[in-house]
Amino acid sequence: MRILQIFLILLCGLAAAQQQTLMDYLERRLLAIEDRISLWHEQTSRYTSELREFKQQMVAQLEGLDKNKEALRSELDAVGARVDRVEREMDYLETQNGAQPCVDVEDKLVEQQVIVAKERNKAKYAKLTDCRDMIESIKGMKILKRVGGTKGMWSKDSGKVYLFNGTGEDTLYQFGSVRDFTSSQGVAAAKAVTLPTSWQGVGHVVYNNHLYYMRANEEIRLVKFDLQKSSEVDSAVFPAKDQLPVYTLNPETYVDLAVDEEGLWAIYATKENEKHISLAKVDPKTLSIEQMWDTPCLRENAEAAFVVCGTVYVAYNSKLPSRSRIQCVFDVSDMVTDDDAPTVYFPKRYGTHSSLKYSPMEQLLYAWDDGYQILYKLQMKKKLEV
Ligand SMILES: *[C@@H]1O[C@H](CO)[C@@H](O)[C@H](O)[C@H]1NC(C)=O
């Protein structure tokens, strides 16, 4: 009995001791956790204040950037205004002093080169012509006849009709009048004229009783042929290097000659500017080139082009013939831009145009469309003043 009592007391004592140890242990852990909590707390508040500081710095920097941006914008505005003023001054100087192209060019090289070219063209050409017409629409179409193959050219000069069948022949047909042409069977009523060499492409024109055509052997030569005397008058190498077909849809033509109110033009393309169509003014007497321009008009999908009052109109189509349309214009006097020349559609027809030749006397287009000889009547309006 006693032993049991002692045992119980011992057990209680042991339990009490154990409890105490547990309490001590828990207390130590709690202290440790408290320590760590306070450490975290400290760290967190440090982070928070650091973050706040960083945020303040960022705000300050952003404000600085905003100010810089404003300063930059006002600087740009100032520069823009200065450029405008310089341009206006150039314009003024040019109208005052058009006779010094060299000085002009040097001054302007400081400015954009594109502007230089445009301004120079304007200065030089504004005086040369009073012709102010531009095409507004195609008012009518008349199919006169079907004679010849898919490609060719026809036109009228001094009352006579000329027919050039194919892209590499040497015999053209001359009809005494439009009536002779429309009423005759094929080419039976025509006078056949055989040239000393065959023509290349469909770029030829008849102008003041002379035929101008391109002969292609090793080099592309411009030939002038007197149709009344049936003799070659003159010929000259076309002065552009590395020539390309001027329209991708009619690749036989390297130089397309055109006649307008101002005379003779050549529409051509070279490797140097291979994506675009170039233009040259040709002196019909000497066959020399008076001036050359790069136009913004693409060669790709172009089928033909012509010139009216110093403005080139380029007609485009697609490989599968659809509706021809004039989608690019270039005016040497800089009065017509693509903006004020809306796309002009040709009436829906059979195929693509092989050639489009403008007659300045009649304001008609002579078109060759898959062997059909077609006349288009043009609706004109006045070019806008700049
Ligand atoms: C026109 O040329 C085509 C080939 O391009 C030929 O088949 C046709 O006979 C020619 N017509 C005339 C009238 O010369």
# chains A, B, ... in the order shown; residues from 1 in each chain; ligands from 1
call {"tool": "residues_near_ligand", "arguments": {"ligand": "ligand 1", "cutoff": "7 Å", "atoms": "only C-alpha atoms and all ligand atoms", "output": "ChimeraX atom specification"}}
result
/A:147-151,165-166,186-187
call {"tool": "select_by_dssp", "arguments": {"residues": "range 125-373 of chain A", "states": "helix (DSSP H, G or I)", "output": "NGL selection string"}}
result
:A and (125-126 or 178-183 or 271-273)
call {"tool": "write_last_selection", "arguments": {"atoms": "C-alpha atoms", "output": "PDB file, in the first residue's frame"}}
result
ATOM      1  CA  TYR A 125       7.588  72.983-117.891  1.00  0.00           C
ATOM      2  CA  ALA A 126       5.084  75.449-116.520  1.00  0.00           C
ATOM      3  CA  VAL A 178     -11.498  56.544-142.040  1.00  0.00           C
ATOM      4  CA  ARG A 179     -14.318  55.726-144.474  1.00  0.00           C
ATOM      5  CA  ASP A 180     -11.897  53.846-146.737  1.00  0.00           C
ATOM      6  CA  PHE A 181     -10.698  51.926-143.705  1.00  0.00           C
ATOM      7  CA  THR A 182     -14.112  50.930-142.363  1.00  0.00           C
ATOM      8  CA  SER A 183     -15.712  50.131-145.707  1.00  0.00           C
ATOM      9  CA  LYS A 271      17.134  48.351-115.153  1.00  0.00           C
ATOM     10  CA  GLU A 272      18.215  51.369-113.123  1.00  0.00           C
ATOM     11  CA  ASN A 273      14.598  52.030-112.157  1.00  0.00           C
TER      12      ASN A 273
END
call {"tool": "residues_around", "arguments": {"residues": "Tyr345 in chain A", "least_positions_apart": "2", "cutoff": "8 Å", "atoms": "only C-alpha atoms", "output": "PyMOL selection string"}}
result
chain A and resi 137-138+323-326+343+347
call {"tool": "residues_around", "arguments": {"residues": "Cys297 in chain A", "least_positions_apart": "3", "cutoff": "10 Å", "atoms": "only C-alpha atoms", "output": "CSV table (one decimal) with N, CA and C atoms, in the first residue's frame"}}
result
chain,number,residue,atom,x,y,z
A,275,LYS,N,11.3,49.0,-111.6
A,275,LYS,CA,9.9,48.7,-111.2
A,275,LYS,C,9.0,49.8,-111.8
A,276,HIS,N,9.6,50.9,-112.3
A,276,HIS,CA,8.8,52.0,-112.7
A,276,HIS,C,8.9,52.4,-114.2
A,277,ILE,N,8.0,53.1,-114.7
A,277,ILE,CA,8.0,53.6,-116.0
A,277,ILE,C,8.7,55.0,-116.1
A,278,SER,N,9.5,55.1,-117.1
A,278,SER,CA,10.2,56.4,-117.3
A,278,SER,C,9.6,57.1,-118.5
A,294,ASP,N,11.6,60.1,-114.1
A,294,ASP,CA,11.1,58.9,-113.6
A,294,ASP,C,9.7,59.1,-113.1
A,300,GLU,N,4.6,46.7,-113.6
A,300,GLU,CA,3.8,45.5,-113.4
A,300,GLU,C,2.4,45.7,-113.7
A,302,ALA,N,1.0,46.7,-116.2
A,302,ALA,CA,0.6,47.8,-117.2
A,302,ALA,C,0.5,47.2,-118.5
A,312,VAL,N,1.2,61.7,-118.4
A,312,VAL,CA,1.2,60.3,-118.9
A,312,VAL,C,0.0,59.6,-118.1
A,313,TYR,N,-0.7,58.8,-118.9
A,313,TYR,CA,-1.8,58.0,-118.3
A,313,TYR,C,-1.4,56.5,-118.6
A,314,VAL,N,-1.3,55.7,-117.5
A,314,VAL,CA,-0.9,54.3,-117.7
A,314,VAL,C,-2.1,53.4,-117.4
A,315,ALA,N,-2.4,52.6,-118.4
A,315,ALA,CA,-3.6,51.6,-118.3
A,315,ALA,C,-3.1,50.3,-117.8
A,327,GLN,N,-4.8,53.8,-113.9
A,327,GLN,CA,-4.6,53.8,-112.5
A,327,GLN,C,-3.4,54.6,-112.0
A,328,CYS,N,-2.6,55.1,-113.0
A,328,CYS,CA,-1.5,55.9,-112.5
A,328,CYS,C,-1.3,57.1,-113.5
A,329,VAL,N,-1.1,58.3,-113.0
A,329,VAL,CA,-0.9,59.4,-113.9
A,329,VAL,C,0.4,60.1,-113.4
A,330,PHE,N,1.1,60.7,-114.4
A,330,PHE,CA,2.3,61.5,-114.0
A,330,PHE,C,2.3,62.7,-114.9
call {"tool": "select_by_dssp", "arguments": {"residues": "range 216-379 of chain A", "states": "strand (DSSP E or B)", "output": "PyMOL selection string"}}
result
chain A and resi 216+220-226+231-237+243-244+255-260+263-270+276-282+289-298+302-308+311-316+325-331+344-345+353-359+364-369+372-379
call {"tool": "residues_around", "arguments": {"residues": "Lys383 in chain A", "least_positions_apart": "2", "cutoff": "8 Å", "atoms": "only C-alpha atoms", "output": "PyMOL selection string"}}
result
chain A and resi 132-134+335-336+381+385
call {"tool": "write_last_selection", "arguments": {"atoms": "C-alpha atoms", "output": "PDB file, in the first residue's frame"}}
result
ATOM      1  CA  ARG A 132      -4.436  72.390-119.363  1.00  0.00           C
ATOM      2  CA  ASP A 133      -6.682  69.468-120.200  1.00  0.00           C
ATOM      3  CA  MET A 134      -6.785  66.259-118.247  1.00  0.00           C
ATOM      4  CA  MET A 335      -0.414  69.960-111.781  1.00  0.00           C
ATOM      5  CA  VAL A 336      -2.076  66.544-111.814  1.00  0.00           C
ATOM      6  CA  LYS A 381     -11.616  68.714-117.613  1.00  0.00           C
ATOM      7  CA  GLU A 385      -4.011  75.010-110.309  1.00  0.00           C
TER       8      GLU A 385
END
call {"tool": "residues_around", "arguments": {"residues": "Lys241 in chain A", "least_positions_apart": "2", "cutoff": "12 Å", "atoms": "only C-alpha atoms", "output": "PyMOL selection string"}}
result
chain A and resi 219-220+237-239+243-244+254+268-274
call {"tool": "closest_atom_pairs", "arguments": {"of": "range 232-337 of chain A", "to": "range 201-206 of chain A", "cutoff": "9 Å", "atoms": "only C-alpha atoms", "output": "CSV"}}
result
residue,atom,partner,partner_atom,distance
A:Asn250,CA,A:Gly201,CA,8.3
A:Pro251,CA,A:Gly201,CA,7.9
A:Glu252,CA,A:Gly201,CA,4.5
A:Thr253,CA,A:Gly201,CA,4.0
A:Tyr254,CA,A:Gly201,CA,7.1
A:Val255,CA,A:Gly203,CA,5.8
A:Asp256,CA,A:Gly203,CA,3.8
A:Leu257,CA,A:Gly203,CA,5.1
A:Ala258,CA,A:Val205,CA,6.5
A:Val259,CA,A:Val205,CA,7.3
A:Leu264,CA,A:Val205,CA,9.0
A:Ala266,CA,A:Gly203,CA,8.7
A:Ile267,CA,A:Gly203,CA,8.7
call {"tool": "atom_distance", "arguments": {"atom1": "CA of Asp283 in chain A", "atom2": "CA of Tyr316 in chain A"}}
result
27.9 Å
call {"tool": "atom_distance", "arguments": {"atom1": "CA of Val161 in chain A", "atom2": "CA of Gly140 in chain A"}}
result
20.1 Å
call {"tool": "closest_residue", "arguments": {"among": "A:Thr352, A:Gln61, A:Ser318, A:Asn208", "to": "Gly152 in chain A", "atoms": "only C-alpha atoms"}}
result
A:Thr352
call {"tool": "closest_residue", "arguments": {"among": "A:Gln373, A:Ser198, A:Gln5, A:Ser231", "to": "Asp170 in chain A", "atoms": "only C-alpha atoms"}}
result
A:Ser198
call {"tool": "closest_residue", "arguments": {"among": "A:Asn209, A:Ala190, A:Leu378, A:Leu30", "to": "Val344 in chain A", "atoms": "only C-alpha atoms"}}
result
A:Leu378
call {"tool": "residues_around", "arguments": {"residues": "Glu261 in chain A", "least_positions_apart": "3", "cutoff": "10 Å", "atoms": "only C-alpha atoms", "output": "PyMOL selection string"}}
result
chain A and resi 129-131+133+264+307-310+358-361+363
call {"tool": "write_last_selection", "arguments": {"atoms": "C-alpha atoms", "output": "PDB file, in the first residue's frame"}}
result
ATOM      1  CA  THR A 129       2.589  74.762-122.412  1.00  0.00           C
ATOM      2  CA  ASP A 130      -0.803  76.394-122.244  1.00  0.00           C
ATOM      3  CA  CYS A 131      -2.372  72.980-122.497  1.00  0.00           C
ATOM      4  CA  ASP A 133      -6.682  69.468-120.200  1.00  0.00           C
ATOM      5  CA  LEU A 264       6.633  63.659-129.274  1.00  0.00           C
ATOM      6  CA  VAL A 307       0.290  61.236-123.068  1.00  0.00           C
ATOM      7  CA  VAL A 308      -2.258  64.069-122.986  1.00  0.00           C
ATOM      8  CA  CYS A 309      -1.122  67.663-122.332  1.00  0.00           C
ATOM      9  CA  GLY A 310       2.158  66.557-120.772  1.00  0.00           C
ATOM     10  CA  TYR A 358      -3.879  59.557-128.442  1.00  0.00           C
ATOM     11  CA  SER A 359      -4.872  61.925-131.213  1.00  0.00           C
ATOM     12  CA  PRO A 360      -4.507  65.514-129.925  1.00  0.00           C
ATOM     13  CA  MET A 361      -6.470  66.973-132.871  1.00  0.00           C
ATOM     14  CA  GLN A 363      -9.073  64.080-128.430  1.00  0.00           C
TER      15      GLN A 363
END
call {"tool": "closest_residue", "arguments": {"among": "A:Lys382, A:Arg299, A:Arg46, A:Arg29", "to": "Leu249 in chain A", "atoms": "only C-alpha atoms"}}
result
A:Arg299
